[in-house]
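Quick look at entry17.txt (compact mmCIF, C-alpha atoms and all ligand atoms):
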```txt
# COMPACT_ATOMS: atom_id res chain seq x y z
CA ILE H 133 59.27 58.70 63.31
CA SER H 134 62.99 59.20 63.07
CA ILE H 135 64.53 59.09 66.54
CA ARG H 136 67.45 61.47 66.93
CA ASP H 137 68.53 60.66 70.46
CA VAL H 138 67.60 58.73 73.56
CA THR H 139 68.47 59.93 77.07
CA LEU H 140 68.50 57.61 80.06
CA HIS H 141 67.93 59.46 83.33
CA ARG H 142 68.69 57.16 86.25
CA LEU H 143 66.59 58.14 89.27
CA VAL H 144 66.14 56.95 92.81
CA MET H 145 63.00 57.86 94.77
CA ARG H 146 62.06 56.95 98.32
CA LEU H 147 58.61 55.50 98.99
CA LYS H 148 56.70 57.28 101.77
CA ASP H 149 56.25 53.94 103.54
CA PRO H 150 58.01 50.61 103.08
CA PHE H 151 55.99 48.16 100.97
CA THR H 152 56.18 44.48 102.01
CA THR H 153 55.37 41.52 99.79
CA SER H 154 55.86 37.78 100.35
CA PHE H 155 59.29 38.05 98.69
CA GLY H 156 60.70 41.20 100.29
CA THR H 157 60.30 44.84 101.32
CA PHE H 158 60.65 47.86 99.03
CA GLN H 159 61.69 51.28 100.32
CA GLU H 160 63.74 52.89 97.55
CA LYS H 161 62.80 52.69 93.89
CA GLU H 162 65.57 53.02 91.35
CA PHE H 163 64.54 53.25 87.70
CA PHE H 164 65.12 54.97 84.36
CA VAL H 165 63.20 57.77 82.78
CA ILE H 166 63.62 57.39 79.02
CA GLU H 167 63.54 60.64 77.08
CA MET H 168 63.33 60.26 73.32
CA GLU H 169 63.60 63.08 70.78
CA ASP H 170 62.75 62.82 67.09
CA ASP H 171 64.07 64.83 64.14
CA THR H 172 61.26 67.39 64.55
CA GLY H 173 62.19 68.11 68.19
CA CYS H 174 59.17 66.28 69.57
CA ILE H 175 59.87 64.47 72.88
CA GLY H 176 58.39 61.28 74.33
CA PHE H 177 58.84 59.78 77.79
CA GLY H 178 58.97 56.21 79.09
CA GLU H 179 59.74 54.68 82.49
CA SER H 180 61.43 51.39 83.34
CA VAL H 181 59.74 49.26 86.01
CA ALA H 182 62.28 46.58 86.98
CA PHE H 183 63.32 46.69 90.63
CA SER H 184 66.87 46.74 92.02
CA SER H 185 66.69 43.05 92.99
CA PRO H 186 65.37 40.18 90.84
CA TRP H 187 62.60 39.29 93.32
CA TYR H 188 59.52 39.81 91.23
CA SER H 189 61.11 38.70 87.96
CA GLU H 190 64.64 38.12 86.69
CA GLU H 191 65.08 41.68 85.39
CA THR H 192 66.77 44.41 87.44
CA VAL H 193 67.67 48.08 86.97
CA GLU H 194 71.17 46.99 85.93
CA THR H 195 70.06 44.32 83.46
CA ASN H 196 67.63 46.86 81.95
CA LYS H 197 70.52 49.28 81.41
CA HIS H 198 72.68 46.62 79.80
CA ILE H 199 69.97 45.42 77.41
CA ILE H 200 68.70 48.91 76.58
CA GLU H 201 72.08 50.42 75.76
CA LYS H 202 73.83 47.46 74.14
CA PHE H 203 70.95 45.98 72.14
CA LEU H 204 67.65 47.86 72.08
CA ILE H 205 68.71 51.44 71.38
CA PRO H 206 70.89 50.38 68.40
CA LEU H 207 67.91 48.47 66.95
CA LEU H 208 65.61 51.45 67.49
CA LEU H 209 68.00 53.96 65.89
CA GLU H 210 68.70 51.71 62.87
CA SER H 211 65.91 53.18 60.75
CA PRO H 212 62.72 55.25 61.14
CA ILE H 213 59.45 53.67 62.30
CA GLU H 214 55.93 54.39 61.09
CA HIS H 215 53.98 53.26 64.13
CA PRO H 216 54.75 52.20 67.75
CA ASP H 217 53.35 48.72 67.02
CA GLU H 218 56.55 48.10 65.03
CA VAL H 219 58.78 48.49 68.08
CA SER H 220 58.08 45.06 69.54
CA LYS H 221 58.77 43.48 66.12
CA ARG H 222 62.03 45.42 65.89
CA PHE H 223 63.02 43.90 69.27
CA GLU H 224 61.97 40.36 68.39
CA SER H 225 65.52 39.03 68.06
CA ILE H 226 66.14 39.86 71.73
CA LYS H 227 64.71 37.17 74.02
CA ARG H 228 62.53 38.30 76.94
CA ASN H 229 63.87 41.35 78.84
CA ASN H 230 60.32 42.65 78.56
CA MET H 231 60.71 45.50 81.05
CA ALA H 232 63.71 46.86 79.15
CA LYS H 233 61.77 46.70 75.86
CA SER H 234 58.68 48.24 77.39
CA ALA H 235 60.52 51.28 78.79
CA LEU H 236 61.60 52.28 75.26
CA GLU H 237 58.32 51.35 73.60
CA GLY H 238 56.44 53.53 76.11
CA ALA H 239 58.50 56.55 75.06
CA VAL H 240 57.77 55.81 71.37
CA TRP H 241 54.02 55.66 72.14
CA ASP H 242 54.15 59.03 73.92
CA LEU H 243 56.14 60.54 71.05
CA PHE H 244 53.73 59.11 68.48
CA ALA H 245 50.67 60.43 70.32
CA LYS H 246 52.26 63.88 70.73
CA ARG H 247 53.17 64.09 67.04
CA ASN H 248 49.57 63.30 66.20
CA LYS H 249 48.32 65.74 68.86
CA LEU H 250 46.31 62.95 70.49
CA PRO H 251 46.08 61.98 74.13
CA LEU H 252 47.80 58.61 74.50
CA TYR H 253 44.60 56.89 75.56
CA LYS H 254 42.92 57.91 72.29
CA ALA H 255 45.95 56.80 70.28
CA LEU H 256 45.43 53.39 71.93
CA GLY H 257 41.74 53.31 71.09
CA GLY H 258 40.60 53.85 74.69
CA GLU H 259 37.31 55.51 75.45
CA LYS H 260 36.82 55.84 79.19
CA GLN H 261 37.16 59.39 80.53
CA GLN H 262 37.63 58.11 84.05
CA ILE H 263 38.97 54.87 85.48
CA ASP H 264 38.20 53.06 88.74
CA VAL H 265 41.11 52.56 91.06
CA GLY H 266 41.92 50.13 93.83
CA ILE H 267 44.88 49.97 96.15
CA SER H 268 47.54 47.36 96.90
CA ILE H 269 48.38 47.05 100.60
CA GLY H 270 51.66 45.52 101.78
CA ILE H 271 51.87 42.85 104.49
CA GLN H 272 51.25 44.43 107.90
CA PRO H 273 52.67 43.23 111.24
CA THR H 274 49.25 42.48 112.79
CA ALA H 275 45.62 42.05 111.78
CA LYS H 276 44.78 45.15 113.80
CA ALA H 277 47.32 47.23 111.86
CA LEU H 278 45.94 45.86 108.59
CA VAL H 279 42.35 46.76 109.48
CA HIS H 280 43.52 50.27 110.33
CA VAL H 281 45.31 50.69 107.00
CA VAL H 282 42.32 49.31 105.07
CA GLU H 283 40.03 51.71 106.89
CA GLY H 284 42.14 54.67 105.78
CA PHE H 285 41.97 53.65 102.12
CA VAL H 286 38.24 52.84 102.30
CA ASN H 287 37.73 56.37 103.64
CA GLU H 288 39.83 57.82 100.81
CA GLY H 289 37.36 56.19 98.39
CA TYR H 290 39.52 53.48 96.80
CA LYS H 291 37.18 50.99 95.14
CA ARG H 292 38.99 47.74 95.83
CA MET H 293 41.37 46.58 98.55
CA LYS H 294 44.15 44.21 97.57
CA VAL H 295 46.03 42.73 100.50
CA LYS H 296 49.40 41.04 100.17
CA ILE H 297 49.54 37.63 101.83
CA LYS H 298 52.07 34.89 102.64
CA PRO H 299 51.91 31.69 104.72
CA GLY H 300 51.23 32.76 108.31
CA ALA H 301 49.82 36.14 107.25
CA ASP H 302 46.74 35.13 105.30
CA TYR H 303 43.40 33.69 106.41
CA GLU H 304 43.27 35.12 109.94
CA MET H 305 44.27 38.60 108.80
CA LEU H 306 41.85 38.68 105.90
CA LYS H 307 39.07 37.35 108.15
CA GLU H 308 39.49 40.41 110.39
CA VAL H 309 39.32 42.73 107.40
CA ARG H 310 36.18 40.97 106.17
CA LYS H 311 34.59 41.21 109.64
CA HIS H 312 35.10 44.99 109.75
CA PHE H 313 34.24 45.60 106.08
CA PRO H 314 31.64 43.01 105.04
CA ASP H 315 30.89 44.64 101.68
CA VAL H 316 34.25 45.96 100.52
CA LEU H 317 35.71 44.55 97.28
CA LEU H 318 38.57 42.53 98.71
CA MET H 319 41.27 40.40 97.09
CA ALA H 320 44.63 38.87 98.02
CA ASP H 321 47.99 38.77 96.23
CA ALA H 322 50.39 35.99 97.25
CA ASN H 323 53.23 36.72 94.81
CA SER H 324 53.90 32.98 94.44
CA ALA H 325 54.23 32.24 98.17
CA TYR H 326 52.33 28.91 98.11
CA THR H 327 52.46 25.44 96.55
CA LEU H 328 49.75 22.83 96.05
CA LYS H 329 50.71 21.46 99.48
CA ASP H 330 48.98 24.54 100.92
CA ILE H 331 45.69 23.71 99.24
CA ASN H 332 43.77 23.53 102.53
CA THR H 333 44.80 27.05 103.54
CA LEU H 334 43.94 28.34 100.07
CA LYS H 335 40.54 26.60 100.11
CA LYS H 336 39.71 28.26 103.43
CA LEU H 337 40.00 31.63 101.72
CA ASP H 338 36.84 30.70 99.78
CA GLU H 339 34.87 31.58 102.95
CA LEU H 340 35.85 35.23 102.67
CA GLY H 341 34.16 36.14 99.39
CA LEU H 342 37.34 37.43 97.75
CA MET H 343 37.07 38.88 94.25
CA MET H 344 40.14 36.86 93.33
CA ILE H 345 43.45 35.52 94.57
CA GLU H 346 46.43 36.75 92.58
CA GLN H 347 49.38 34.48 91.71
CA PRO H 348 49.11 31.99 94.61
CA LEU H 349 51.62 29.49 93.08
CA ALA H 350 55.01 29.59 91.36
CA HIS H 351 55.93 32.59 89.20
CA ASP H 352 56.53 30.35 86.17
CA ASP H 353 53.62 27.96 86.60
CA ILE H 354 50.33 27.53 84.75
CA ILE H 355 49.84 23.77 85.33
CA ASP H 356 49.42 23.71 89.10
CA HIS H 357 47.32 26.88 88.92
CA ALA H 358 44.88 24.97 86.69
CA LYS H 359 44.70 22.18 89.28
CA LEU H 360 44.17 24.71 92.04
CA GLN H 361 41.53 26.66 90.13
CA SER H 362 39.50 23.47 89.67
CA GLU H 363 39.41 23.11 93.48
CA LEU H 364 38.72 26.75 94.38
CA GLU H 365 35.58 28.88 94.25
CA THR H 366 37.66 32.06 94.35
CA PRO H 367 38.82 33.10 90.88
CA ILE H 368 42.57 32.93 90.32
CA CYS H 369 44.21 35.96 88.70
CA LEU H 370 47.63 35.49 87.12
CA ASP H 371 50.32 38.17 87.31
CA GLU H 372 53.92 36.82 87.26
CA SER H 373 53.08 33.86 84.97
CA ILE H 374 51.89 35.96 82.01
CA HIS H 375 54.57 37.52 79.76
CA SER H 376 52.81 37.55 76.40
CA LEU H 377 49.61 36.95 74.47
CA GLU H 378 50.75 33.35 73.99
CA ASP H 379 51.11 32.87 77.77
CA ALA H 380 47.63 34.34 78.27
CA ARG H 381 46.11 32.04 75.65
CA LYS H 382 47.71 28.94 77.18
CA ALA H 383 46.64 29.88 80.72
CA VAL H 384 43.07 30.54 79.62
CA GLU H 385 42.90 27.33 77.56
CA LEU H 386 44.20 25.31 80.52
CA GLY H 387 41.82 26.96 82.98
CA SER H 388 44.73 28.27 85.07
CA CYS H 389 42.97 31.57 85.81
CA LYS H 390 39.71 33.46 85.33
CA ILE H 391 41.22 36.95 85.45
CA ILE H 392 44.47 38.45 84.16
CA ASN H 393 46.51 41.29 85.64
CA ILE H 394 48.16 43.14 82.75
CA LYS H 395 51.38 44.98 83.55
CA ILE H 396 52.84 46.82 80.58
CA GLY H 397 56.44 46.16 81.65
CA ARG H 398 55.96 42.47 82.35
CA VAL H 399 54.52 41.78 78.88
CA GLY H 400 57.01 43.92 76.94
CA GLY H 401 54.95 46.99 76.20
CA ILE H 402 51.64 48.60 75.35
CA THR H 403 51.30 46.84 71.99
CA GLU H 404 51.48 43.38 73.63
CA SER H 405 49.18 44.62 76.44
CA LYS H 406 46.59 45.57 73.82
CA LYS H 407 46.86 42.12 72.22
CA ILE H 408 46.25 40.43 75.57
CA HIS H 409 43.38 42.82 76.24
CA ASP H 410 41.73 42.05 72.89
CA TYR H 411 42.12 38.30 73.35
CA CYS H 412 40.64 38.47 76.87
CA ALA H 413 37.70 40.55 75.61
CA GLN H 414 37.00 37.87 73.03
CA GLN H 415 37.25 35.11 75.68
CA GLU H 416 35.24 37.11 78.26
CA ILE H 417 38.16 37.11 80.68
CA ALA H 418 38.18 40.24 82.84
CA VAL H 419 41.46 42.15 83.02
CA TRP H 420 42.83 44.93 85.20
CA CYS H 421 46.03 46.96 85.15
CA GLY H 422 48.65 46.03 87.72
CA GLY H 423 51.30 48.33 89.19
CA MET H 424 55.04 48.28 89.83
CA LEU H 425 55.23 51.18 92.30
CA GLU H 426 55.70 53.52 89.35
CA ALA H 427 56.55 57.18 89.34
CA GLY H 428 54.40 59.54 87.27
CA ILE H 429 55.40 58.55 83.75
CA GLY H 430 54.76 54.83 84.22
CA ARG H 431 51.58 55.72 86.09
CA ALA H 432 50.40 57.84 83.13
CA HIS H 433 50.98 54.94 80.71
CA ASN H 434 48.95 52.66 83.01
CA ILE H 435 46.10 55.17 83.13
CA ALA H 436 45.96 55.41 79.33
CA LEU H 437 45.93 51.62 78.93
CA THR H 438 43.18 51.21 81.53
CA THR H 439 40.77 53.25 79.37
CA LEU H 440 40.38 50.21 77.06
CA PRO H 441 36.99 48.53 77.56
CA GLN H 442 37.99 45.09 78.90
CA PHE H 443 39.72 46.73 81.89
CA ILE H 444 36.54 45.96 83.80
CA LEU H 445 38.01 45.62 87.29
CA PRO H 446 39.66 48.40 89.34
CA GLY H 447 43.45 48.43 88.90
CA ASP H 448 46.43 49.06 91.20
CA THR H 449 47.26 52.49 89.71
CA ALA H 450 46.66 54.63 92.81
CA GLY H 451 47.32 58.36 93.21
CA SER H 452 50.89 59.75 93.31
CA SER H 453 50.56 60.67 97.00
CA ARG H 454 50.06 57.04 97.99
CA TYR H 455 53.71 56.45 97.07
CA TRP H 456 55.67 59.71 96.88
CA ASP H 457 56.13 63.00 98.71
CA ARG H 458 56.64 64.58 95.29
CA ASP H 459 56.01 62.84 91.97
CA ILE H 460 57.99 63.79 88.85
CA ILE H 461 54.94 64.97 86.86
CA ASP H 462 52.62 67.98 86.91
CA PRO H 463 49.89 67.75 87.85
CA GLU H 464 50.43 64.72 90.08
CA VAL H 465 47.97 61.83 89.68
CA THR H 466 45.03 62.45 92.00
CA VAL H 467 42.19 60.14 92.96
CA ASP H 468 38.75 61.59 93.43
CA LYS H 469 36.14 59.31 95.07
CA GLY H 470 37.95 56.22 93.78
CA VAL H 471 38.38 57.41 90.20
CA ILE H 472 41.15 59.02 88.17
CA HIS H 473 40.01 61.52 85.55
CA VAL H 474 41.95 60.75 82.39
CA PRO H 475 43.89 63.77 81.06
CA ASN H 476 43.08 64.99 77.54
CA LYS H 477 46.39 66.69 76.74
CA PRO H 478 48.53 65.17 73.95
CA GLY H 479 50.68 62.13 74.79
CA ILE H 480 50.79 60.83 78.36
CA GLY H 481 48.82 63.92 79.40
CA TYR H 482 51.10 65.05 82.24
CA GLU H 483 54.16 67.32 82.09
CA VAL H 484 57.47 65.97 83.34
CA ASN H 485 58.80 68.40 85.95
CA ARG H 486 62.50 68.77 85.05
CA GLU H 487 63.47 70.31 88.34
CA VAL H 488 61.93 67.48 90.34
CA LEU H 489 63.36 64.88 87.94
CA GLU H 490 66.86 66.32 88.40
CA SER H 491 66.46 66.35 92.17
CA PHE H 492 66.09 62.53 92.11
CA ARG H 493 68.65 61.92 89.36
CA LEU H 494 71.80 59.84 89.92
CA ASP H 495 73.14 60.13 86.38
CA LYS H 496 72.24 60.73 82.77
CA THR H 497 73.45 59.16 79.52
CA VAL H 498 72.67 60.33 75.99
CA TYR H 499 72.69 58.00 72.98
CA SER H 500 72.65 59.65 69.55
CA GLN H 501 72.22 58.42 66.03
O1 LIG Y 601 52.49 41.76 92.54
O2 LIG Y 601 51.37 43.41 91.87
C1 LIG Y 601 52.37 42.97 92.42
C2 LIG Y 601 54.42 45.83 93.95
C3 LIG Y 601 55.69 45.37 93.71
C4 LIG Y 601 55.87 44.16 93.08
C5 LIG Y 601 54.78 43.39 92.70
C6 LIG Y 601 53.48 43.84 92.93
C7 LIG Y 601 53.31 45.07 93.59
C8 LIG Y 601 52.01 45.60 93.95
C9 LIG Y 601 51.87 47.11 94.10
O3 LIG Y 601 51.05 44.90 94.21
C10 LIG Y 601 51.25 47.73 92.90
C11 LIG Y 601 51.32 49.25 92.96
O4 LIG Y 601 50.70 49.83 93.86
O5 LIG Y 601 52.00 49.84 92.10
MG MG Y 602 50.79 40.79 91.79
```
When written as structure tokens, how does the structure in this file appear?
Amino acid sequence: ISIRDVTLHRLVMRLKDPFTTSFGTFQEKEFFVIEMEDDTGCIGFGESVAFSSPWYSEETVETNKHIIEKFLIPLLLESPIEHPDEVSKRFESIKRNNMAKSALEGAVWDLFAKRNKLPLYKALGGEKQQIDVGISIGIQPTAKALVHVVEGFVNEGYKRMKVKIKPGADYEMLKEVRKHFPDVLLMADANSAYTLKDINTLKKLDELGLMMIEQPLAHDDIIDHAKLQSELETPICLDESIHSLEDARKAVELGSCKIINIKIGRVGGITESKKIHDYCAQQEIAVWCGGMLEAGIGRAHNIALTTLPQFILPGDTAGSSRYWDRDIIDPEVTVDKGVIHVPNKPGIGYEVNREVLESFRLDKTVYSQ
């Protein structure tokens, strides 16, 4: 693959409803659509997932732009590549900045799949024709409001309810949800809002039969999580702490978690995601695909990845309409009785709607060889 040019479309889209986590509230999502054209005129798309503020991780929209244009694009345009697995090696000299790397790598994967006339999921070795989906629910003002929101998503057919928690909005709220929905698959995501000092609160959650608790402790910790896991019945799932296969191996060896949330952006791309997936399959650690409030292109990449066999648990990749009035792809991602039917068209399997993309676009920059 000889890449002729890379276009960065900077977009801003407004979420239908604000989304509140323990670290802040999201309403607008600013990100890049990466459009990559090769010397045969074939086009691949990627999407950056970093947020505007460094709340979830240290990367932001602005740092992504800096790293992509100053360092990553020059490395990518240096010489042709045979296979998308080479992209992460090409970027090895650049430390971290995984979301910036992943945005470009995603476009190379789409381009590669399209050139080979394969749907992306088949290019990755995935087999599932449909994937189970859950939903991530932001922190609500009251338990009553939360129960109401959960009810709506249960009725829509979502297979697993993930509720964001923080100190003061945890046990009592989840207890109400459990009371109204005794059998629903329920889990909590703390986004690092607790420390080991909160162990009594966290232990109380064991009463509620949660599938897992996601990232209860610090974003960069695997030591205290191991201590906590040894005291908890509820499985711990790590999100923020896992940036690579090596991080996953260390966390599993230490007993810091029993489940891993794989986010393509957080680990630097699909190639690294596959490595973590394969390692977890070998270790019998269940994985699922996390979300970053993506628009359609990022969502399509998540869907393709989720077709790999160790993605045993429902992921956070919900339908387009859960987030947006109008997504940038056609057709939009739809959820039917809690499943997404995986598209069989070449590449990401959805068409980018140029008119819609331009309606959300702030600016555009082209980088050529
Ligand atoms: O921790 O998984 C997370 C959203 C923003 C930042 C972090 C997280 C989330 C979600 C929503 O849980 C996932 C989604 O619906 O895309
Ligand atoms: Mg999370």
Pick out the residues sitting within 7 Å of region 298-304 of chain H, and hand them over as a compact mmCIF listing (two decimals) with C-alpha atoms, keeping the file's coordinate frame; count only C-alpha atoms, and ignore anything fewer than 2 positions along from it in its own chain.
```txt
# COMPACT_ATOMS: atom_id res chain seq x y z
CA SER H 154 55.86 37.78 100.35
CA LEU H 306 41.85 38.68 105.90
CA LYS H 307 39.07 37.35 108.15
CA GLU H 308 39.49 40.41 110.39
CA ALA H 322 50.39 35.99 97.25
CA ALA H 325 54.23 32.24 98.17
CA LEU H 337 40.00 31.63 101.72
```
Name the residues, using the chain letters and numbers of the file, that sit within 12 Å of (52.5, 44.9, 106.1) when counting only C-alpha atoms, and give them as a ChimeraX atom specification. /H:149-154,156-158,268-282,294-298,301-302,305
Ligand LIG 601 (chain Y): axis-aligned bounding box, 8 Å on each side, centre and edge lengths in Å, one decimal, as JSON:
```
{"center_x": 53.3, "center_y": 45.8, "center_z": 93.0, "size_x": 21.2, "size_y": 24.1, "size_z": 18.3}
```
Just the residues within 12 Å of Pro446 (chain H), please, counting all atoms listed in the file, with nothing from its chain fewer than 2 positions along; format it as number ranges by chain. H: 262-268, 290-294, 317-319, 343, 393-394, 418-423, 435, 438-439, 442-444, 448-450, 470-472
Quick one: residues within 7 Å of ligand MG 602 (chain Y), with all atoms listed in the file, as a list of chain:residue names?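 Within the 7 Å cut-off, the matching residues are H:Asp321, H:Asn323, H:Glu346, H:Gln347, H:Asp371, H:Glu372, H:Gly422.
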Closest contacts (region 167-196 of chain H/region 209-227 of chain H, max 12 Å, all atoms listed in the file) as CSV:
```
residue,atom,partner,partner_atom,distance
H:Met168,CA,H:Leu209,CA,10.8
H:Glu169,CA,H:Leu209,CA,11.2
H:Asp170,CA,H:Pro212,CA,9.6
H:Asp171,CA,H:Pro212,CA,10.1
H:Gly176,CA,H:Pro216,CA,11.8
```
Spatial neighbours of region 426-431 of chain H, 6 Å, only C-alpha atoms, chain gap at least 6 places, as a PyMOL selection string: chain H and resi 179+459-461
At a cut-off of 7 Å from (55.7, 65.4, 73.9) in the coordinates of the file, what residues are picked up using only C-alpha atoms, written as a list in words?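 Looking at atoms near the point gives Cys174, Ile175, Gly176, Asp242, Leu243, Lys246 and Gly479 of chain H.
Between CA of Asn332 (chain H) and atom O3 of ligand LIG 601 (chain Y) the separation is 24.1 Å.
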Given all atoms listed in the file as the counted atoms, nearest of H:Glu490, H:Asp468, H:Ser452, H:Gly257 to His409 (chain H): H:Gly257
Pick from H:Ala432, H:Thr333, H:Glu283, H:Tyr411, whichever lies nearest to Val316 (chain H) using all atoms listed in the file: H:Glu283
I need the residue nearest ligand LIG 601 (chain Y) from this list: H:Arg136, H:His312, H:Arg454, H:Arg486. Use only C-alpha atoms and all ligand atoms for the distance.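 The answer is H:Arg454, which sits nearest to ligand LIG 601 (chain Y).
Closest approach to ligand LIG 601 (chain Y) among H:Lys382, H:Arg398, H:Lys260, H:Lys469: H:Arg398, based on all atoms listed in the file.
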Separation of CA of Tyr499 (chain H) and CA of Glu167 (chain H), in Å? 10.4 Å
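Between Ala232 (chain H) and the residues H:Ile205, H:Leu489, H:Leu328, H:Val474, the shortest atom-to-atom distance, using all atoms listed in the file, involves H:Ile205.
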Rank H:Gly238, H:Pro251, H:Gly451, H:Gly173 by their smallest atom-to-atom distance to ligand LIG 601 (chain Y), using all atoms listed in the file, and report the top residue only. H:Gly451
Please measure the separation of CA of Leu425 (chain H) and atom C10 of ligand LIG 601 (chain Y), giving the value in Å to one decimal.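 A separation of 5.3 Å between them.
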Nearby residues (only C-alpha atoms) at most 8 Å from His357 (chain H), same-chain spacing under 6 positions excluded, as a PyMOL selection string: chain H and resi 348-349+368+388-389
May I have the selected residues written with C-alpha atoms, as an mmCIF file, in the frame of the given file?
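To be explicit, this is the file written out as selection37.cif:
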```
data_model
loop_
_atom_site.group_PDB
_atom_site.id
_atom_site.type_symbol
_atom_site.label_atom_id
_atom_site.label_comp_id
_atom_site.auth_asym_id
_atom_site.auth_seq_id
_atom_site.Cartn_x
_atom_site.Cartn_y
_atom_site.Cartn_z
ATOM 1 C CA PRO H 348 49.110 31.990 94.610
ATOM 2 C CA LEU H 349 51.620 29.490 93.080
ATOM 3 C CA ILE H 368 42.570 32.930 90.320
ATOM 4 C CA SER H 388 44.730 28.270 85.070
ATOM 5 C CA CYS H 389 42.970 31.570 85.810
#
```
Got a sec: who's within 6 Å of Thr192 (chain H), counting only C-alpha atoms, leaving out chain neighbours fewer than 5 positions off, as a PDB file with C-alpha atoms, in the frame of the given file?
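The resulting file, selection-v1.pdb, is reproduced below:
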```
ATOM      1  CA  ALA H 182      62.280  46.580  86.980  1.00  0.00           C
ATOM      2  CA  PHE H 183      63.320  46.690  90.630  1.00  0.00           C
ATOM      3  CA  SER H 184      66.870  46.740  92.020  1.00  0.00           C
ATOM      4  CA  SER H 185      66.690  43.050  92.990  1.00  0.00           C
ATOM      5  CA  PRO H 186      65.370  40.180  90.840  1.00  0.00           C
TER       6      PRO H 186
END
```
